[in-house]
Amino acid sequence: MTNRLDYNTAAPAGMKALGGVYGYVSQSGLPKALIDLVYLRVSLINGCAYCIDMHTRDLIKDGVSIDKIALVPVWHEAGELFSAQERAALRWAETVTKVAETAVPDAEFQAARAIFNERELADLTIAIGLMNTYNRLAISFRATPQAVKQRNG
């Protein structure tokens with residue numbers, strides 16, 4: 001896997017702007033591990049190796065167990081391993097990421113709204129949109145995952 005171009009170098013102002021949104025989400029008050037679980041789920045849906053690698057590493061640093069990380073793709077089958085807030089966030093991440101298929105039904109909104117207040121849900125949706133953007137950059141330009149760099153380095 002080789003990079004097609006370095007988007008950080010090609011569009012530094014754009015990447016800085018995205019970094020500002022990332023910083024906003026980080027300061028939103030949503031738990032860091034929750035955001036990282038959502039980032040991982042979105043990246044899994046989109047098939048972004050670079051981001052899957054990064055967010056798995058972030059979750060490990062957050063102290064999330066490998067067992068839980070491994071079950072993120074099938075969180076809905078993992079019962080109480082994921083909290084009600086985590087399940088709601090992962091469900092919302094899926095329906096928003098698959099917006100072309102789901103059109104984000106009212107029932108999905110109501111389920112998320114039952115767990116998150118207006119600001120939290122807006123911030124969570126910003127985080128989901130941001131990760132979808134990062135996934136599209138990393139996939140389109142073939143960003144190399146850290147695991148590959150370490151193996152080849």
# chains A, B, ... in the order shown; residues from 1 in each chain; ligands from 1

$ residues_around --residues "segment 131-143 of chain A" --least-positions-apart "3" --cutoff "7 Å" --atoms "only C-alpha atoms" --output "ChimeraX atom specification"
/A:1-5,39,42-43,46,48,50-51,127-128

$ residues_around --residues "Val104 of chain A" --least-positions-apart "4" --cutoff "12 Å" --atoms "only C-alpha atoms" --output "VMD selection string"
chain A and resid 91 to 100 108 to 112 125

$ write_last_selection --atoms "N, CA and C atoms" --output "PDB file, in the first residue's frame"
ATOM      1  N   ARG A  91     -25.257   2.902  17.534  1.00  0.00           N
ATOM      2  CA  ARG A  91     -26.445   2.793  16.663  1.00  0.00           C
ATOM      3  C   ARG A  91     -26.604   4.066  15.828  1.00  0.00           C
ATOM      4  N   TRP A  92     -26.458   5.222  16.482  1.00  0.00           N
ATOM      5  CA  TRP A  92     -26.568   6.502  15.778  1.00  0.00           C
ATOM      6  C   TRP A  92     -25.449   6.634  14.741  1.00  0.00           C
ATOM      7  N   ALA A  93     -24.247   6.216  15.104  1.00  0.00           N
ATOM      8  CA  ALA A  93     -23.115   6.277  14.170  1.00  0.00           C
ATOM      9  C   ALA A  93     -23.403   5.454  12.923  1.00  0.00           C
ATOM     10  N   GLU A  94     -23.996   4.297  13.098  1.00  0.00           N
ATOM     11  CA  GLU A  94     -24.312   3.445  11.949  1.00  0.00           C
ATOM     12  C   GLU A  94     -25.355   4.083  11.043  1.00  0.00           C
ATOM     13  N   THR A  95     -26.448   4.566  11.619  1.00  0.00           N
ATOM     14  CA  THR A  95     -27.511   5.115  10.775  1.00  0.00           C
ATOM     15  C   THR A  95     -27.084   6.412  10.090  1.00  0.00           C
ATOM     16  N   VAL A  96     -26.272   7.224  10.776  1.00  0.00           N
ATOM     17  CA  VAL A  96     -25.806   8.471  10.164  1.00  0.00           C
ATOM     18  C   VAL A  96     -24.757   8.184   9.089  1.00  0.00           C
ATOM     19  N   THR A  97     -23.850   7.266   9.349  1.00  0.00           N
ATOM     20  CA  THR A  97     -22.823   6.917   8.362  1.00  0.00           C
ATOM     21  C   THR A  97     -23.452   6.309   7.112  1.00  0.00           C
ATOM     22  N   LYS A  98     -24.502   5.535   7.288  1.00  0.00           N
ATOM     23  CA  LYS A  98     -25.187   4.898   6.158  1.00  0.00           C
ATOM     24  C   LYS A  98     -26.389   5.723   5.693  1.00  0.00           C
ATOM     25  N   VAL A  99     -26.293   7.025   5.797  1.00  0.00           N
ATOM     26  CA  VAL A  99     -27.407   7.937   5.525  1.00  0.00           C
ATOM     27  C   VAL A  99     -28.048   7.708   4.150  1.00  0.00           C
ATOM     28  N   ALA A 100     -27.258   7.365   3.149  1.00  0.00           N
ATOM     29  CA  ALA A 100     -27.825   7.131   1.810  1.00  0.00           C
ATOM     30  C   ALA A 100     -28.764   5.929   1.804  1.00  0.00           C
ATOM     31  N   GLU A 108     -34.799   6.112  14.838  1.00  0.00           N
ATOM     32  CA  GLU A 108     -33.376   6.158  15.212  1.00  0.00           C
ATOM     33  C   GLU A 108     -33.066   7.461  15.946  1.00  0.00           C
ATOM     34  N   PHE A 109     -33.637   8.556  15.454  1.00  0.00           N
ATOM     35  CA  PHE A 109     -33.437   9.839  16.127  1.00  0.00           C
ATOM     36  C   PHE A 109     -34.013   9.789  17.538  1.00  0.00           C
ATOM     37  N   GLN A 110     -35.214   9.273  17.668  1.00  0.00           N
ATOM     38  CA  GLN A 110     -35.858   9.206  18.989  1.00  0.00           C
ATOM     39  C   GLN A 110     -35.054   8.337  19.954  1.00  0.00           C
ATOM     40  N   ALA A 111     -34.514   7.236  19.465  1.00  0.00           N
ATOM     41  CA  ALA A 111     -33.702   6.356  20.318  1.00  0.00           C
ATOM     42  C   ALA A 111     -32.446   7.084  20.799  1.00  0.00           C
ATOM     43  N   ALA A 112     -31.793   7.813  19.906  1.00  0.00           N
ATOM     44  CA  ALA A 112     -30.598   8.573  20.291  1.00  0.00           C
ATOM     45  C   ALA A 112     -30.967   9.714  21.235  1.00  0.00           C
ATOM     46  N   THR A 125     -22.984  13.840  16.333  1.00  0.00           N
ATOM     47  CA  THR A 125     -23.188  13.829  14.879  1.00  0.00           C
ATOM     48  C   THR A 125     -22.051  14.555  14.167  1.00  0.00           C
TER      49      THR A 125
END

$ closest_residue --among "A:Ser28, A:Ser83, A:Asn152, A:Thr144" --to "Ile52 of chain A" --atoms "only C-alpha atoms"
A:Thr144

$ residues_around --residues "segment 11-25 of chain A" --least-positions-apart "6" --cutoff "8 Å" --atoms "only C-alpha atoms" --output "JSON, numbers by chain"
{"A": [123, 124, 126, 127, 130]}

$ write_last_selection --atoms "all heavy atoms" --output "CSV table (one decimal), in the first residue's frame"
chain,number,residue,atom,x,y,z
A,123,ASP,N,-23.2,17.2,18.9
A,123,ASP,CA,-21.7,17.0,18.9
A,123,ASP,C,-21.4,15.6,18.5
A,123,ASP,O,-20.4,15.4,17.7
A,123,ASP,CB,-21.2,17.2,20.4
A,123,ASP,CG,-21.2,18.7,20.7
A,123,ASP,OD1,-21.3,19.6,19.9
A,123,ASP,OD2,-21.0,19.0,22.0
A,124,LEU,N,-22.1,14.6,18.9
A,124,LEU,CA,-21.9,13.2,18.4
A,124,LEU,C,-22.0,13.2,16.9
A,124,LEU,O,-21.2,12.5,16.2
A,124,LEU,CB,-22.9,12.3,19.1
A,124,LEU,CG,-22.8,10.8,18.7
A,124,LEU,CD1,-21.4,10.3,19.1
A,124,LEU,CD2,-23.9,10.0,19.4
A,126,ILE,N,-21.5,15.6,14.8
A,126,ILE,CA,-20.4,16.3,14.2
A,126,ILE,C,-19.2,15.3,14.2
A,126,ILE,O,-18.5,15.2,13.2
A,126,ILE,CB,-20.0,17.6,15.0
A,126,ILE,CG1,-21.1,18.6,14.7
A,126,ILE,CG2,-18.6,18.1,14.7
A,126,ILE,CD1,-21.1,19.8,15.7
A,127,ALA,N,-19.0,14.6,15.3
A,127,ALA,CA,-17.9,13.6,15.4
A,127,ALA,C,-18.1,12.5,14.3
A,127,ALA,O,-17.1,12.2,13.6
A,127,ALA,CB,-17.9,12.9,16.8
A,130,LEU,N,-17.2,14.1,10.9
A,130,LEU,CA,-15.8,14.3,10.9
A,130,LEU,C,-15.1,13.0,10.5
A,130,LEU,O,-14.2,13.0,9.6
A,130,LEU,CB,-15.2,14.9,12.2
A,130,LEU,CG,-13.7,15.1,12.3
A,130,LEU,CD1,-13.3,16.1,11.3
A,130,LEU,CD2,-13.3,15.4,13.7

$ closest_residue --among "A:Ile35, A:Pro105, A:Arg151, A:Gln146" --to "Arg57 of chain A" --atoms "only C-alpha atoms"
A:Gln146

$ closest_residue --among "A:Gly47, A:Arg113, A:Leu40, A:Asn8" --to "Trp75 of chain A" --atoms "only C-alpha atoms"
A:Leu40

$ select_by_dssp --residues "segment 9-152 of chain A" --states "helix (DSSP H, G or I)" --output "PyMOL selection string"
chain A and resi 9-10+12-26+32-46+49-61+66-70+72-77+79-81+84-97+99-102+106-113+118-140+146-152

$ closest_residue --among "A:Ala10, A:Ala114, A:Ala89, A:Ala103" --to "Leu30 of chain A" --atoms "only C-alpha atoms"
A:Ala89

$ residues_around --residues "segment 63-67 of chain A" --least-positions-apart "3" --cutoff "10 Å" --atoms "only C-alpha atoms" --output "PyMOL selection string"
chain A and resi 33+36-37+56-60+70-72+81

$ write_last_selection --atoms "C-alpha atoms" --output "PDB file, in the first residue's frame"
ATOM      1  CA  ALA A  33     -13.644   6.408  24.977  1.00  0.00           C
ATOM      2  CA  ASP A  36     -13.153   6.666  20.025  1.00  0.00           C
ATOM      3  CA  LEU A  37     -15.647   3.764  19.911  1.00  0.00           C
ATOM      4  CA  THR A  56      -7.956   0.710  17.987  1.00  0.00           C
ATOM      5  CA  ARG A  57      -4.679   2.042  19.385  1.00  0.00           C
ATOM      6  CA  ASP A  58      -6.517   5.025  20.927  1.00  0.00           C
ATOM      7  CA  LEU A  59      -9.049   2.737  22.617  1.00  0.00           C
ATOM      8  CA  ILE A  60      -6.266   0.590  24.052  1.00  0.00           C
ATOM      9  CA  ALA A  70     -12.971  -6.817  19.102  1.00  0.00           C
ATOM     10  CA  LEU A  71     -16.761  -6.775  19.470  1.00  0.00           C
ATOM     11  CA  VAL A  72     -17.306  -3.231  18.160  1.00  0.00           C
ATOM     12  CA  LEU A  81     -20.559  -5.265  27.479  1.00  0.00           C
TER      13      LEU A  81
END

$ atom_distance --atom1 "atom CA of Glu118 of chain A" --atom2 "atom CA of Gly29 of chain A"
12.8 Å

$ closest_residue --among "A:Thr9, A:Ser26, A:Ala49, A:Lys68" --to "Glu80 of chain A" --atoms "only C-alpha atoms"
A:Lys68

$ decode --residues "segment 16-125 of chain A" --atoms "C-alpha atoms" --output "mmCIF file, in the first residue's frame"
data_model
loop_
_atom_site.group_PDB
_atom_site.id
_atom_site.type_symbol
_atom_site.label_atom_id
_atom_site.label_comp_id
_atom_site.auth_asym_id
_atom_site.auth_seq_id
_atom_site.Cartn_x
_atom_site.Cartn_y
_atom_site.Cartn_z
ATOM 1 C CA LYS A 16 -5.951 22.445 10.021
ATOM 2 C CA ALA A 17 -9.655 23.276 9.744
ATOM 3 C CA LEU A 18 -10.556 19.601 10.231
ATOM 4 C CA GLY A 19 -8.172 19.534 13.182
ATOM 5 C CA GLY A 20 -10.156 22.399 14.681
ATOM 6 C CA VAL A 21 -13.330 20.322 14.439
ATOM 7 C CA TYR A 22 -11.461 17.368 15.981
ATOM 8 C CA GLY A 23 -10.409 19.650 18.842
ATOM 9 C CA TYR A 24 -13.986 20.844 19.282
ATOM 10 C CA VAL A 25 -15.253 17.266 19.517
ATOM 11 C CA SER A 26 -12.489 16.408 21.997
ATOM 12 C CA GLN A 27 -13.622 19.288 24.225
ATOM 13 C CA SER A 28 -17.348 18.613 23.788
ATOM 14 C CA GLY A 29 -17.800 16.819 27.083
ATOM 15 C CA LEU A 30 -18.582 13.473 25.475
ATOM 16 C CA PRO A 31 -16.401 10.747 27.022
ATOM 17 C CA LYS A 32 -13.180 10.177 25.071
ATOM 18 C CA ALA A 33 -13.644 6.408 24.977
ATOM 19 C CA LEU A 34 -17.193 6.871 23.638
ATOM 20 C CA ILE A 35 -15.943 9.125 20.847
ATOM 21 C CA ASP A 36 -13.153 6.666 20.025
ATOM 22 C CA LEU A 37 -15.647 3.764 19.911
ATOM 23 C CA VAL A 38 -17.759 5.785 17.475
ATOM 24 C CA TYR A 39 -14.709 6.693 15.402
ATOM 25 C CA LEU A 40 -13.766 3.015 15.238
ATOM 26 C CA ARG A 41 -17.293 1.916 14.269
ATOM 27 C CA VAL A 42 -17.535 4.529 11.511
ATOM 28 C CA SER A 43 -14.104 3.509 10.214
ATOM 29 C CA LEU A 44 -15.100 -0.167 10.227
ATOM 30 C CA ILE A 45 -18.246 0.610 8.227
ATOM 31 C CA ASN A 46 -16.206 2.578 5.705
ATOM 32 C CA GLY A 47 -13.357 0.053 5.576
ATOM 33 C CA CYS A 48 -10.620 2.543 6.456
ATOM 34 C CA ALA A 49 -7.543 0.545 7.491
ATOM 35 C CA TYR A 50 -5.583 3.638 8.539
ATOM 36 C CA CYS A 51 -8.349 4.848 10.864
ATOM 37 C CA ILE A 52 -9.233 1.384 12.196
ATOM 38 C CA ASP A 53 -5.595 0.979 13.212
ATOM 39 C CA MET A 54 -5.441 4.448 14.801
ATOM 40 C CA HIS A 55 -8.680 4.214 16.763
ATOM 41 C CA THR A 56 -7.956 0.710 17.987
ATOM 42 C CA ARG A 57 -4.679 2.042 19.385
ATOM 43 C CA ASP A 58 -6.517 5.025 20.927
ATOM 44 C CA LEU A 59 -9.049 2.737 22.617
ATOM 45 C CA ILE A 60 -6.266 0.590 24.052
ATOM 46 C CA LYS A 61 -4.666 3.780 25.431
ATOM 47 C CA ASP A 62 -8.097 4.724 26.853
ATOM 48 C CA GLY A 63 -7.997 1.462 28.812
ATOM 49 C CA VAL A 64 -10.754 -0.242 26.813
ATOM 50 C CA SER A 65 -10.361 -4.024 26.845
ATOM 51 C CA ILE A 66 -9.340 -5.929 23.732
ATOM 52 C CA ASP A 67 -12.485 -8.039 24.183
ATOM 53 C CA LYS A 68 -14.677 -4.962 23.885
ATOM 54 C CA ILE A 69 -12.706 -3.506 20.972
ATOM 55 C CA ALA A 70 -12.971 -6.817 19.102
ATOM 56 C CA LEU A 71 -16.761 -6.775 19.470
ATOM 57 C CA VAL A 72 -17.306 -3.231 18.160
ATOM 58 C CA PRO A 73 -18.371 -4.556 14.706
ATOM 59 C CA VAL A 74 -21.059 -6.684 16.389
ATOM 60 C CA TRP A 75 -21.816 -4.468 19.393
ATOM 61 C CA HIS A 76 -25.544 -5.209 19.121
ATOM 62 C CA GLU A 77 -24.798 -8.863 19.948
ATOM 63 C CA ALA A 78 -22.519 -8.056 22.894
ATOM 64 C CA GLY A 79 -25.257 -7.396 25.448
ATOM 65 C CA GLU A 80 -24.243 -5.398 28.480
ATOM 66 C CA LEU A 81 -20.559 -5.265 27.479
ATOM 67 C CA PHE A 82 -21.472 -1.883 25.980
ATOM 68 C CA SER A 83 -23.307 0.661 28.136
ATOM 69 C CA ALA A 84 -26.682 2.072 27.097
ATOM 70 C CA GLN A 85 -24.909 5.297 26.081
ATOM 71 C CA GLU A 86 -22.345 3.393 24.011
ATOM 72 C CA ARG A 87 -25.044 1.308 22.313
ATOM 73 C CA ALA A 88 -27.024 4.438 21.481
ATOM 74 C CA ALA A 89 -23.918 6.178 20.108
ATOM 75 C CA LEU A 90 -22.909 3.172 18.002
ATOM 76 C CA ARG A 91 -26.445 2.793 16.663
ATOM 77 C CA TRP A 92 -26.568 6.502 15.778
ATOM 78 C CA ALA A 93 -23.115 6.277 14.170
ATOM 79 C CA GLU A 94 -24.312 3.445 11.949
ATOM 80 C CA THR A 95 -27.511 5.115 10.775
ATOM 81 C CA VAL A 96 -25.806 8.471 10.164
ATOM 82 C CA THR A 97 -22.823 6.917 8.362
ATOM 83 C CA LYS A 98 -25.187 4.898 6.158
ATOM 84 C CA VAL A 99 -27.407 7.937 5.525
ATOM 85 C CA ALA A 100 -27.825 7.131 1.810
ATOM 86 C CA GLU A 101 -29.368 3.782 2.805
ATOM 87 C CA THR A 102 -31.171 4.729 6.026
ATOM 88 C CA ALA A 103 -32.270 8.350 5.553
ATOM 89 C CA VAL A 104 -31.887 8.420 9.365
ATOM 90 C CA PRO A 105 -35.385 7.325 10.394
ATOM 91 C CA ASP A 106 -37.362 9.129 13.089
ATOM 92 C CA ALA A 107 -37.198 6.021 15.284
ATOM 93 C CA GLU A 108 -33.376 6.158 15.212
ATOM 94 C CA PHE A 109 -33.437 9.839 16.127
ATOM 95 C CA GLN A 110 -35.858 9.206 18.989
ATOM 96 C CA ALA A 111 -33.702 6.356 20.318
ATOM 97 C CA ALA A 112 -30.598 8.573 20.291
ATOM 98 C CA ARG A 113 -32.498 11.521 21.752
ATOM 99 C CA ALA A 114 -33.659 9.342 24.648
ATOM 100 C CA ILE A 115 -30.006 8.998 25.725
ATOM 101 C CA PHE A 116 -28.349 12.234 24.586
ATOM 102 C CA ASN A 117 -29.410 15.831 25.130
ATOM 103 C CA GLU A 118 -29.562 18.182 22.125
ATOM 104 C CA ARG A 119 -25.990 19.421 22.413
ATOM 105 C CA GLU A 120 -24.569 15.933 22.961
ATOM 106 C CA LEU A 121 -26.435 14.563 19.959
ATOM 107 C CA ALA A 122 -25.323 17.454 17.766
ATOM 108 C CA ASP A 123 -21.710 17.002 18.941
ATOM 109 C CA LEU A 124 -21.907 13.244 18.405
ATOM 110 C CA THR A 125 -23.188 13.829 14.879
#
